[in-house]
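Please read the structure below before turning to the comments.
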Amino acid sequence: MSANRLSPRIAAIAPSATLKVDGKAKALKAEGRPVISYAAGEPDFATPAHVIDAALEAVRDPKNHKYTANTGLPELREAIAAKTARDSGLEVPVNRIIVTNGGKQAVFESINAIVGEGDEVLLPTPAWTSYPEVIKLAGGTTVEVFAGADQGYKVTVEQLEAARTPATKAMLFVSPSNPTGAVYTAEETRAIGEWALANNVWVIADEIYQNLTYGGVKATSIVEAVPALADSCILVNGVAKSFAMTGWRVGWMVAPEDVIAGAANLQSHLTSNVNNIAQRAALAALTGPMEPIEEFRVAFDRRRKLMVEELSQVPGFRVPTPEGAFYVYADVTELLGKEYDGKQINTSLELADYILDKVEVAIVPGEAFGPSGYVRLSYALGDEQLVEGVRRIRDLFS
Ligand code: PMP
C-alpha cells in the first residue's frame, strides 16, 4: 500500500491522548468490571424538560423539515445576541453571529477563518485537545505557553510577550478552562486583552463554560474587559455544558462581520444549517426559565468541594481549587519517577494507566492537554461514585 493513501493533512492529525485510557476503561466496563470513570467531558444531568418539549413541538412542524438559513434561525441568533450582551457585555447585530454544530465547529471555523500558513497561535496550556489539531489543519503553528499549578494554571502577560513573534496571529483565551477549571480574574483578563490589542493579536475566547463558575467568582469576558477588542476578537460558545445539551450539538461564534461572512462560506460547503430541531431546543434553553441551569450549577459546586476535599487527601496529589467548569486538575509530579509493583512510572500517562489497571478508576492524563505530570478528573458524576473512586486512588498510594 502506498505510504500516502491519506492526505498529509489528515495523516498528521494526532489521535487523542485520552483514547488509550478511555478505550481501556470502556473495555473493562464491557467485561462487567466496576470501573469508575472521571473521564467524561459532559454533565451527567438530563436536558431540562422545557427544552425537550420545545424539540417535540418543533419536530411536528413542517417548517423545520427543510433547509433553513446557513447561519442559523433568526430567532436563535436574536437570543444569542441577547445572551452575549448579558453574559459577555457585547452588543452585536445578528449578522455578527453564526450558529454552528456545537462549540467544536465554532472553534474550527474561528481558527480557519483567521489562521493560515505560517501563522503562529499562542495556546495557554494545559488546554483542550482540539485546538492544536485545528490550528495544524489550518496551516498554522501552535506555540504553547504553559502555566502550572504554582500559578493556578493561568498564563501571564509576560509569558505571552516572551512567546510572541512577528508571526503571532492569534491567541486562545479559555476561562473557565477545560481541563483546569481555572478562571482568570477581571484584572488578569483585562491585562491580557490590552496586551493582545496593543500587539495586533486576535483573541479567540472560548466561553463555553462561562456560566459554570462557583463561590461568587464571575468569568469576565475579555471583550467586556477590553471593549476595543471587539474588532479582533471571536467569541465561541454553546448550550452543551451549562444546559446539559452536549448531544444536541448547538454552538455559535460571535465575531466581526467579515469573519462571520468567511465562516458562513466555510459552513455552507461543510454542513449548512444546524439541525432545526436542535436549534429550536437551543432557543428554548436560552429564552426559557433559568432555574434548572442554576440547579446544575449548584450541584456541580457541591461536588467540586467534595472532590477537592477528598482528592487533597491522596498522597502525591496537589489540587488547586478550581473555580469553574467541572474539572479538577491535579499535579501528580511527586508520584512520578518511582517504582510501583516493581515497575517504574515516569509519566502521567503511565500513572493513569496504572490507576486504571489496579483500582479500575479512569482519569485523563495531562498528556492530553499539555505537559506530563497532571491528571484531569471530571466531577460530573454522582456523589457516591465520586467519593468511592477517589478513595480507591487514595488506598493505592497510601
Ligand atoms: N470548548 C471547550 C473548552 C470544550 O471543553 C468543549 C467540549 N469538550 C468544546 C469547546 C466543544 O463543545 P461542544 O460539545 O459544544 O462541541
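Just remember, in the C-alpha cells the first chain shown is A, the second B, etc., residues are 1-based per chain, and ligands are 1-based in the order shown.
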
(request) Write out as a VMD selection string each polymer residue whose atoms come within 9 Å of stretch 34-49 of chain A, counting only C-alpha atoms; drop sequence neighbours fewer than 5 positions from it. (result) chain A and resid 18 21 to 22 25 to 26 28 to 29 54 178 240 to 246 285 292 to 293 296 300 326 to 327 356 359 to 364 376 to 382 385 to 386 388 to 389

(request) For ligand 1, collect every residue having any atom at a distance of at most 7 Å from a ligand atom (counting only C-alpha atoms and all ligand atoms); output as a list in words. (result)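 Within the 7 Å cut-off, the matching residues are Gly41, Asn101, Gly102, Gly103, Lys104, Gln105, Val107, Trp128, Val174, Ser177, Asn178, Asp206, Ile208, Gly238, Val239, Ala240, Thr246, Arg249, Val250 and Gly251 of chain A.
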
(request) Point out the residue among A:Leu335, A:Ala368, A:Ala30, A:Ala167 with the least atom-to-atom distance to A:Tyr131, counting only C-alpha atoms. (result)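 The shortest atom-to-atom distance to A:Tyr131 comes from A:Ala368.
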
(message) Give me, as a PyMOL selection string, all polymer residues having an atom no more than 10 Å from A:Asp301, counting only C-alpha atoms and skipping those fewer than 5 positions away in the same chain.
(response) chain A and resi 212-215+295-296+306-307+322-326+379

(request) Point out the residue among A:Gln344, A:Ser175, A:Ser130, A:Thr100 with the least atom-to-atom distance to A:Val254, counting only C-alpha atoms. (result) A:Thr100

(request) Within stretch 105-344 of chain A, find each residue whose DSSP state, derived from the backbone, is helix (DSSP H, G or I), and express the selection as a PyMOL selection string. (result) chain A and resi 105-114+130-137+149-151+157-163+186-198+222-225+227-232+246-248+257-270+276-287+291-311+333-335

(request) Write down as an NGL selection string the residues of stretch 94-281 of chain A whose backbone DSSP state falls under strand (DSSP E or B). (result) :A and (97-100 or 120-125 or 141-146 or 168-174 or 202-206 or 213 or 233-238 or 251-254)

(request) Could you give me, as a list of chain:residue names, the residues within 9 Å of A:Arg9, counting only C-alpha atoms and dropping anything in the same chain fewer than 2 positions from it? (result) A:Leu6, A:Ser7, A:Ala11, A:Ala12, A:Ile13, A:Lys136, A:Leu137, A:Gly139

With N, CA and C atoms retained, write the just-selected residues as a PDB file, in the first residue's frame.
```pdb
ATOM      1  N   LEU A   6      -3.580   8.364   2.683  1.00  0.00           N
ATOM      2  CA  LEU A   6      -4.318   9.507   3.242  1.00  0.00           C
ATOM      3  C   LEU A   6      -3.594  10.795   2.876  1.00  0.00           C
ATOM      4  N   SER A   7      -4.342  11.878   2.840  1.00  0.00           N
ATOM      5  CA  SER A   7      -3.715  13.164   2.566  1.00  0.00           C
ATOM      6  C   SER A   7      -2.778  13.523   3.719  1.00  0.00           C
ATOM      7  N   ALA A  11      -3.424  12.704   7.651  1.00  0.00           N
ATOM      8  CA  ALA A  11      -2.476  11.763   8.268  1.00  0.00           C
ATOM      9  C   ALA A  11      -1.759  12.398   9.455  1.00  0.00           C
ATOM     10  N   ALA A  12      -1.670  13.742   9.459  1.00  0.00           N
ATOM     11  CA  ALA A  12      -0.926  14.429  10.520  1.00  0.00           C
ATOM     12  C   ALA A  12      -1.769  14.672  11.776  1.00  0.00           C
ATOM     13  N   ILE A  13      -3.064  14.364  11.727  1.00  0.00           N
ATOM     14  CA  ILE A  13      -3.898  14.593  12.916  1.00  0.00           C
ATOM     15  C   ILE A  13      -3.530  13.569  13.988  1.00  0.00           C
ATOM     16  N   LYS A 136      -3.244  23.174  13.319  1.00  0.00           N
ATOM     17  CA  LYS A 136      -2.400  22.461  12.352  1.00  0.00           C
ATOM     18  C   LYS A 136      -3.139  22.282  11.024  1.00  0.00           C
ATOM     19  N   LEU A 137      -4.408  21.887  11.101  1.00  0.00           N
ATOM     20  CA  LEU A 137      -5.210  21.704   9.875  1.00  0.00           C
ATOM     21  C   LEU A 137      -5.327  23.002   9.081  1.00  0.00           C
ATOM     22  N   GLY A 139      -3.060  25.134   8.839  1.00  0.00           N
ATOM     23  CA  GLY A 139      -1.740  25.501   8.320  1.00  0.00           C
ATOM     24  C   GLY A 139      -0.934  26.328   9.300  1.00  0.00           C
TER      25      GLY A 139
END
```

Please report, as a Markdown table, each residue of stretch 149-213 of chain A lying at most 10 Å from stretch 78-93 of chain A, together with the nearest pair of atoms and the separation in Å rounded to one decimal; use only C-alpha atoms, and order rows by chain and ascending residue number.
```
| residue | atom | partner | partner_atom | distance |
| --- | --- | --- | --- | --- |
| A:Glu207 | CA | A:Ser88 | CA | 8.8 |
| A:Gln210 | CA | A:Asp87 | CA | 7.9 |
| A:Asn211 | CA | A:Asp87 | CA | 8.2 |
```

Kindly provide the residues of stretch 163-230 of chain A that approach stretch 111-123 of chain A to within 12 Å, each paired with its closest atom pair and their distance in Å to one decimal, based on only C-alpha atoms, listed by chain and increasing number, as a Markdown table.
```
| residue | atom | partner | partner_atom | distance |
| --- | --- | --- | --- | --- |
| A:Ala163 | CA | A:Leu122 | CA | 7.5 |
| A:Arg164 | CA | A:Leu122 | CA | 7.7 |
| A:Thr165 | CA | A:Glu120 | CA | 8.1 |
| A:Pro166 | CA | A:Glu120 | CA | 8.9 |
| A:Ala167 | CA | A:Asp119 | CA | 5.4 |
| A:Thr168 | CA | A:Glu120 | CA | 4.5 |
| A:Lys169 | CA | A:Glu120 | CA | 5.7 |
| A:Ala170 | CA | A:Val121 | CA | 4.9 |
| A:Met171 | CA | A:Leu122 | CA | 4.4 |
| A:Leu172 | CA | A:Leu123 | CA | 5.4 |
| A:Phe173 | CA | A:Leu123 | CA | 7.9 |
| A:Val174 | CA | A:Leu123 | CA | 9.5 |
| A:Ala196 | CA | A:Leu122 | CA | 10.8 |
| A:Val201 | CA | A:Val121 | CA | 9.0 |
| A:Trp202 | CA | A:Ile114 | CA | 8.4 |
| A:Val203 | CA | A:Leu122 | CA | 9.5 |
| A:Ile204 | CA | A:Ile111 | CA | 7.9 |
| A:Ala205 | CA | A:Ile111 | CA | 11.0 |
| A:Asp206 | CA | A:Ile111 | CA | 11.4 |
```

Mind dumping the selected residues with C-alpha atoms as a PDB file, in the first residue's frame?
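Produced file part_37.pdb, reproduced below:
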```
ATOM      1  CA  ALA A 163       6.296  33.817  23.192  1.00  0.00           C
ATOM      2  CA  ARG A 164       5.178  36.495  20.739  1.00  0.00           C
ATOM      3  CA  THR A 165       6.948  36.817  17.369  1.00  0.00           C
ATOM      4  CA  PRO A 166       6.182  38.819  14.214  1.00  0.00           C
ATOM      5  CA  ALA A 167       4.262  35.708  13.032  1.00  0.00           C
ATOM      6  CA  THR A 168       1.885  35.673  16.019  1.00  0.00           C
ATOM      7  CA  LYS A 169      -1.623  35.988  14.603  1.00  0.00           C
ATOM      8  CA  ALA A 170      -3.894  34.922  17.436  1.00  0.00           C
ATOM      9  CA  MET A 171      -4.216  33.503  20.921  1.00  0.00           C
ATOM     10  CA  LEU A 172      -6.730  31.256  22.629  1.00  0.00           C
ATOM     11  CA  PHE A 173      -8.299  32.528  25.825  1.00  0.00           C
ATOM     12  CA  VAL A 174     -10.362  29.949  27.701  1.00  0.00           C
ATOM     13  CA  ALA A 196      -3.497  41.463  22.631  1.00  0.00           C
ATOM     14  CA  VAL A 201      -3.052  39.628  18.251  1.00  0.00           C
ATOM     15  CA  TRP A 202      -6.520  38.200  17.599  1.00  0.00           C
ATOM     16  CA  VAL A 203      -8.232  36.649  20.598  1.00  0.00           C
ATOM     17  CA  ILE A 204     -10.340  33.537  20.204  1.00  0.00           C
ATOM     18  CA  ALA A 205     -12.208  33.415  23.505  1.00  0.00           C
ATOM     19  CA  ASP A 206     -13.837  30.056  24.161  1.00  0.00           C
TER      20      ASP A 206
END
```

(request) Tell me, in Å to one decimal, how far atom CA of A:Gly148 is from atom CA of A:Asp331. (result)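 Spanning atom CA of A:Gly148 to atom CA of A:Asp331 is a straight-line distance of 8.2 Å.
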
(message) Neighbouring residues of A:Ala58 were defined as those with any atom within 9 Å, considering only C-alpha atoms; residues of the same chain fewer than 2 positions away were excluded. Please report them as a list in words.
(response) Asp53, Ala54, Ala55, Leu56, Arg60, Asp61, Pro62, Lys63, Asn64, Asn276, Ile277, Ala278, Arg280 and Ala281 of chain A
